[in-house]
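In what follows, a structure is listed as structure tokens, so that the remarks can point back to it.
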Amino acid sequence: MLNKHRWLAAGAAAVVVAGGGIAVTRMATTDPAPRKCPTLHVSKGWYGENSAKLQKVINERGSCSGSGGAKPVATFDWDNTVVKNDISDATLAWMLRHDKVLQPTSWKATNKWLTADAHRALTKACGTSVRPGRPLPTSTDTGCTDEILDVYQDEKTSEGKTAFAGEWNHRRTVPSYVWITQLFGGRTPGQLTALARQARTENLAAPIGKEQKVGTHTMPGYVRYYDQQRDLIHTLQKAGFDVYIVSASSEPVVRAWAPGVGIDRDHVIGIRNTVRDGRLTNGVQGCGDVKDAHGEVLTYMDGKRCWINQEIYHVKGAKAWQQQDPAHRPALAAGDAETDVTFVGDATGVHLALNRNKTELTCRAYDNSDGRWLVNPMFIEPDKRQSAPYPCSTAGYVHPDGKLGPIHRPDGSVIPDQKDKVY
């Protein structure tokens, strides 16, 4: 009897009634009601369809998709990605202008790659009358301040001699990046965060475009949060993403700034100096199968992948250096420079690159081999268009020994030189 009525509407139930007839009743649908996804509110500043493409990933990967399971992850670099300008530089500048850099026991002891020439130059410029652990008078001692900045910024002494030498893996660390964290040493992590907060207050109050004199050096004198990135981070969080900052700045410094975009201390991964007797030392925590030592591994380039794998996905040992399966990689990642290229490339949903004319990142972004790369100009004072093509096919890839070579796609083919198109 039911055969001739077998094509019933979806969601209907057949009920045999008196006299052999069939009554068709509607059943309550089992499909969940569609969920409304949090949406981006700041549209100004996004290039082309970038905002729409970011929203698409939020809709597809966020909790509003109804997919359930583990929370998707989003990872952001900090300096010149979430904010305009560099918070390590801003903190160092503030500390030099306020006599907050402490005299080390020996300049040579601060950094394993610091040369004898740099040690002599710093010792001569900063003197030995200030006892180790006491503040150097850098607000008035221009010679000391200039020597510190020459070594840090130019990687040369004021006389032009090489400041850092030796061997290091150029995809894992940079001696000058290590050294700035060592200049912050001697204080507790909380004290450094407090100093960084004072630098933050000053830099946020300064007008956009301001420069400052530190010694005789001219440095940027302001920092700004990008409204677009703050909006993106908040929207991701509302959509159920676990959002992390992964920065090559000192972690206590980033902790002073991260709450401004709603990121708590447990979601900040930065350079982590070792602590002894409660105070930051010259040592740096390792990652994966690399032990704590002198800064051989930082949250820098391939090191950022290692730290993400280790701290977010709990991958231990040598495996932390390897690209993980899609379920154990961020859905979205954002960066602005070579230091970010590996972890941004690991993202499974979208790779967001802010254009600062950094060759390896920009080559991969413009090549867009997987169709998931987005390039956006910096939201404040964007860089001008690079006139010459990026040398992707010859000198775009940084090898561990520091030599440059062609950039290869995952399939082994070489990325051709790319023109700057988004500026």
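Letters for chains follow the order of the structure tokens (A, B, ...), residue numbers begin at 1 for each chain, and ligand numbers begin at 1 in the order shown.
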
Residues near Gly405 (chain A), cut-off 7 Å, only C-alpha atoms, skip fewer than 5 positions along chain, as a CSV table (one decimal) with N, CA and C atoms, in the first residue's frame:
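Final file, around-v8.csv:
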chain,number,residue,atom,x,y,z
A,394,THR,N,66.6,34.0,-8.2
A,394,THR,CA,68.1,33.9,-8.1
A,394,THR,C,68.5,34.2,-6.7
A,395,ALA,N,67.9,35.1,-5.9
A,395,ALA,CA,68.5,35.5,-4.6
A,395,ALA,C,67.4,35.8,-3.6
A,396,GLY,N,66.3,35.0,-3.6
A,396,GLY,CA,65.2,35.3,-2.7
A,396,GLY,C,65.2,34.5,-1.5
A,397,TYR,N,65.8,33.3,-1.6
A,397,TYR,CA,65.7,32.3,-0.4
A,397,TYR,C,67.0,32.4,0.4
A,398,VAL,N,66.8,32.6,1.7
A,398,VAL,CA,67.9,32.6,2.7
A,398,VAL,C,68.2,31.2,3.1

With only C-alpha atoms counted and 9 Å as the cut-off, give the residues of region 174-289 of chain A in contact with region 129-140 of chain A, each with its shortest interatomic distance in Å and the pair that gives it, as a tab-separated table.
residue	atom	partner	partner_atom	distance
A:Gly186	CA	A:Gly133	CA	6.6
A:Val214	CA	A:Ser139	CA	8.2
A:Gly215	CA	A:Ser139	CA	7.7

Could you write out that same residue set with all heavy atoms as a PDB file, in the first residue's frame?
ATOM      1  N   GLY A 186      68.871  41.581  33.327  1.00  0.00           N
ATOM      2  CA  GLY A 186      69.155  42.062  34.666  1.00  0.00           C
ATOM      3  C   GLY A 186      67.917  42.476  35.432  1.00  0.00           C
ATOM      4  O   GLY A 186      67.983  42.759  36.630  1.00  0.00           O
ATOM      5  N   VAL A 214      67.817  59.804  19.622  1.00  0.00           N
ATOM      6  CA  VAL A 214      68.354  58.961  20.688  1.00  0.00           C
ATOM      7  C   VAL A 214      69.859  58.978  20.503  1.00  0.00           C
ATOM      8  O   VAL A 214      70.367  58.411  19.519  1.00  0.00           O
ATOM      9  CB  VAL A 214      67.794  57.532  20.621  1.00  0.00           C
ATOM     10  CG1 VAL A 214      68.244  56.733  21.841  1.00  0.00           C
ATOM     11  CG2 VAL A 214      66.273  57.546  20.523  1.00  0.00           C
ATOM     12  N   GLY A 215      70.577  59.628  21.411  1.00  0.00           N
ATOM     13  CA  GLY A 215      71.956  59.959  21.104  1.00  0.00           C
ATOM     14  C   GLY A 215      71.944  60.902  19.919  1.00  0.00           C
ATOM     15  O   GLY A 215      71.205  61.883  19.894  1.00  0.00           O
TER      16      GLY A 215
END

Q: Quick one: pick out all helix (DSSP H, G or I) residues within region 153-254 of chain A from a backbone DSSP run and write them as a PyMOL selection string.
A: chain A and resi 153-154+175-183+189-205+227-238+251-254

Q: Using only C-alpha atoms, find the one residue out of A:Asp411, A:Asp302, A:Glu251, A:Asp231 that sits nearest to Thr339 (chain A).
A: A:Asp302

Q) Could you pull out all residues of region 166-278 of chain A with a DSSP call of strand (DSSP E or B) and give them as a ChimeraX atom specification? A) /A:211-214,217-220,224-225,242-250,268-271,273-276

Q. Can you list, as number ranges by chain, every protein, DNA or RNA residue that comes within 9 Å of Lys419 (chain A) when you count only C-alpha atoms, leaving out same-chain residues fewer than 5 positions away?
A. A: 363, 366, 386-390

Quick one: write out the picked residues with all heavy atoms as a short mmCIF file (atom, residue, chain, number, x, y, z; two decimals), in the first residue's frame?
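Contents of selection-v5.cif, as written:
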data_model
loop_
_atom_site.label_atom_id
_atom_site.label_comp_id
_atom_site.auth_asym_id
_atom_site.auth_seq_id
_atom_site.Cartn_x
_atom_site.Cartn_y
_atom_site.Cartn_z
N CYS A 363 57.75 37.37 -2.53
CA CYS A 363 57.81 36.46 -3.67
C CYS A 363 56.77 35.35 -3.55
O CYS A 363 56.04 35.04 -4.49
CB CYS A 363 59.20 35.85 -3.79
SG CYS A 363 60.47 36.95 -4.46
N TYR A 366 53.14 36.92 -3.93
CA TYR A 366 52.75 37.26 -5.30
C TYR A 366 52.65 36.02 -6.18
O TYR A 366 51.80 35.95 -7.07
CB TYR A 366 53.73 38.26 -5.89
CG TYR A 366 53.51 39.70 -5.44
CD1 TYR A 366 54.58 40.56 -5.23
CD2 TYR A 366 52.23 40.19 -5.25
CE1 TYR A 366 54.39 41.88 -4.83
CE2 TYR A 366 52.02 41.50 -4.84
CZ TYR A 366 53.10 42.34 -4.64
OH TYR A 366 52.89 43.64 -4.24
N GLN A 386 58.12 48.98 -5.04
CA GLN A 386 59.49 48.63 -5.42
C GLN A 386 59.57 48.60 -6.95
O GLN A 386 58.81 47.90 -7.61
CB GLN A 386 59.89 47.27 -4.84
CG GLN A 386 61.28 46.82 -5.25
CD GLN A 386 61.83 45.72 -4.37
OE1 GLN A 386 61.92 45.87 -3.16
NE2 GLN A 386 62.20 44.60 -4.98
N SER A 387 60.48 49.36 -7.49
CA SER A 387 60.54 49.52 -8.95
C SER A 387 61.10 48.28 -9.64
O SER A 387 60.59 47.85 -10.67
CB SER A 387 61.38 50.75 -9.32
OG SER A 387 62.67 50.65 -8.74
N ALA A 388 62.13 47.68 -9.06
CA ALA A 388 62.74 46.49 -9.68
C ALA A 388 61.99 45.23 -9.25
O ALA A 388 61.47 45.17 -8.13
CB ALA A 388 64.20 46.39 -9.28
N PRO A 389 61.91 44.24 -10.11
CA PRO A 389 61.27 42.98 -9.71
C PRO A 389 62.01 42.34 -8.54
O PRO A 389 63.23 42.49 -8.39
CB PRO A 389 61.37 42.11 -10.98
CG PRO A 389 61.53 43.07 -12.10
CD PRO A 389 62.32 44.22 -11.53
N TYR A 390 61.27 41.63 -7.72
CA TYR A 390 61.90 40.88 -6.62
C TYR A 390 62.70 39.71 -7.22
O TYR A 390 62.17 38.97 -8.06
CB TYR A 390 60.85 40.35 -5.66
CG TYR A 390 60.06 41.44 -4.96
CD1 TYR A 390 58.82 41.85 -5.46
CD2 TYR A 390 60.54 42.06 -3.82
CE1 TYR A 390 58.09 42.85 -4.82
CE2 TYR A 390 59.82 43.06 -3.18
CZ TYR A 390 58.59 43.45 -3.68
OH TYR A 390 57.87 44.43 -3.07
#

Got a sec: who's within 6 Å of region 78-81 of chain A, counting only C-alpha atoms, leaving out chain neighbours fewer than 6 positions off, as a PDB file with all heavy atoms, in the first residue's frame?
ATOM      1  N   SER A 247      56.022  36.550  18.037  1.00  0.00           N
ATOM      2  CA  SER A 247      56.835  37.722  17.734  1.00  0.00           C
ATOM      3  C   SER A 247      58.313  37.463  17.972  1.00  0.00           C
ATOM      4  O   SER A 247      58.693  36.712  18.867  1.00  0.00           O
ATOM      5  CB  SER A 247      56.378  38.894  18.609  1.00  0.00           C
ATOM      6  OG  SER A 247      57.239  40.001  18.475  1.00  0.00           O
ATOM      7  N   GLY A 335      51.888  38.103   8.578  1.00  0.00           N
ATOM      8  CA  GLY A 335      53.227  38.605   8.845  1.00  0.00           C
ATOM      9  C   GLY A 335      53.619  39.655   7.826  1.00  0.00           C
ATOM     10  O   GLY A 335      52.861  39.963   6.899  1.00  0.00           O
ATOM     11  N   ASP A 336      54.837  40.195   7.986  1.00  0.00           N
ATOM     12  CA  ASP A 336      55.260  41.290   7.118  1.00  0.00           C
ATOM     13  C   ASP A 336      56.677  41.138   6.582  1.00  0.00           C
ATOM     14  O   ASP A 336      57.122  41.973   5.802  1.00  0.00           O
ATOM     15  CB  ASP A 336      55.181  42.623   7.880  1.00  0.00           C
ATOM     16  CG  ASP A 336      56.226  42.710   8.980  1.00  0.00           C
ATOM     17  OD1 ASP A 336      56.040  42.073  10.028  1.00  0.00           O
ATOM     18  OD2 ASP A 336      57.245  43.389   8.789  1.00  0.00           O
TER      19      ASP A 336
END

Report as JSON lines: every residue of region 233-271 of chain A with an atom at most 12 Å from region 53-72 of chain A, its closest pair of atoms, and their distance in Å to one decimal, counting only C-alpha atoms, with rows sorted by chain and ascending residue number.
{"residue": "A:Ile233", "atom": "CA", "partner": "A:Ile58", "partner_atom": "CA", "distance": 10.7}
{"residue": "A:His234", "atom": "CA", "partner": "A:Ile58", "partner_atom": "CA", "distance": 11.4}
{"residue": "A:Thr235", "atom": "CA", "partner": "A:Ile58", "partner_atom": "CA", "distance": 8.1}
{"residue": "A:Leu236", "atom": "CA", "partner": "A:Ile58", "partner_atom": "CA", "distance": 6.6}
{"residue": "A:Gln237", "atom": "CA", "partner": "A:Gly62", "partner_atom": "CA", "distance": 9.0}
{"residue": "A:Lys238", "atom": "CA", "partner": "A:Gly62", "partner_atom": "CA", "distance": 8.7}
{"residue": "A:Ala239", "atom": "CA", "partner": "A:Gly62", "partner_atom": "CA", "distance": 4.9}
{"residue": "A:Gly240", "atom": "CA", "partner": "A:Ser63", "partner_atom": "CA", "distance": 5.2}
{"residue": "A:Phe241", "atom": "CA", "partner": "A:Pro72", "partner_atom": "CA", "distance": 5.0}
{"residue": "A:Asp242", "atom": "CA", "partner": "A:Pro72", "partner_atom": "CA", "distance": 6.2}
{"residue": "A:Val243", "atom": "CA", "partner": "A:Pro72", "partner_atom": "CA", "distance": 8.6}
{"residue": "A:Tyr244", "atom": "CA", "partner": "A:Pro72", "partner_atom": "CA", "distance": 11.1}

For the residues in the current selection, export N, CA and C atoms as a compact mmCIF listing (two decimals), in the first residue's frame.
# COMPACT_ATOMS: atom_id res chain seq x y z
N ILE A 233 41.36 40.56 14.58
CA ILE A 233 41.60 39.71 15.74
C ILE A 233 40.34 39.55 16.57
N HIS A 234 39.64 40.64 16.84
CA HIS A 234 38.41 40.56 17.62
C HIS A 234 37.36 39.70 16.92
N THR A 235 37.25 39.84 15.61
CA THR A 235 36.26 39.06 14.86
C THR A 235 36.62 37.58 14.88
N LEU A 236 37.89 37.28 14.73
CA LEU A 236 38.32 35.88 14.82
C LEU A 236 38.00 35.29 16.20
N GLN A 237 38.26 36.05 17.24
CA GLN A 237 37.97 35.56 18.59
C GLN A 237 36.48 35.31 18.78
N LYS A 238 35.66 36.23 18.28
CA LYS A 238 34.20 36.04 18.39
C LYS A 238 33.75 34.82 17.62
N ALA A 239 34.46 34.50 16.54
CA ALA A 239 34.10 33.34 15.72
C ALA A 239 34.71 32.04 16.24
N GLY A 240 35.31 32.10 17.43
CA GLY A 240 35.80 30.87 18.06
C GLY A 240 37.22 30.50 17.76
N PHE A 241 37.99 31.40 17.13
CA PHE A 241 39.40 31.12 16.86
C PHE A 241 40.23 31.34 18.12
N ASP A 242 41.27 30.54 18.27
CA ASP A 242 42.30 30.75 19.28
C ASP A 242 43.37 31.62 18.62
N VAL A 243 43.52 32.85 19.04
CA VAL A 243 44.42 33.80 18.37
C VAL A 243 45.68 34.00 19.20
N TYR A 244 46.84 33.81 18.55
CA TYR A 244 48.14 33.94 19.20
C TYR A 244 48.98 35.01 18.51

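You can rank A:Leu354, A:Ile415, A:Ala125, A:Val275 by their closest distance to Ser369 (chain A) using only C-alpha atoms, and at the top of that list sits A:Ile415.
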
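Every protein or nucleic acid residue with an atom no more than 10 Å from Lys213 (chain A), counting only C-alpha atoms and leaving out same-chain residues fewer than 5 positions away, appears here: Ala93, Arg97, Thr218, Met219, Pro220 and Gly221 of chain A.
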
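Residues with any atom within 6 Å of Ala163 (chain A), counting only C-alpha atoms and excluding same-chain neighbours fewer than 3 positions away, are Leu114, Thr115, Ala118, Val151, Glu155, Lys156 and Thr157 of chain A.
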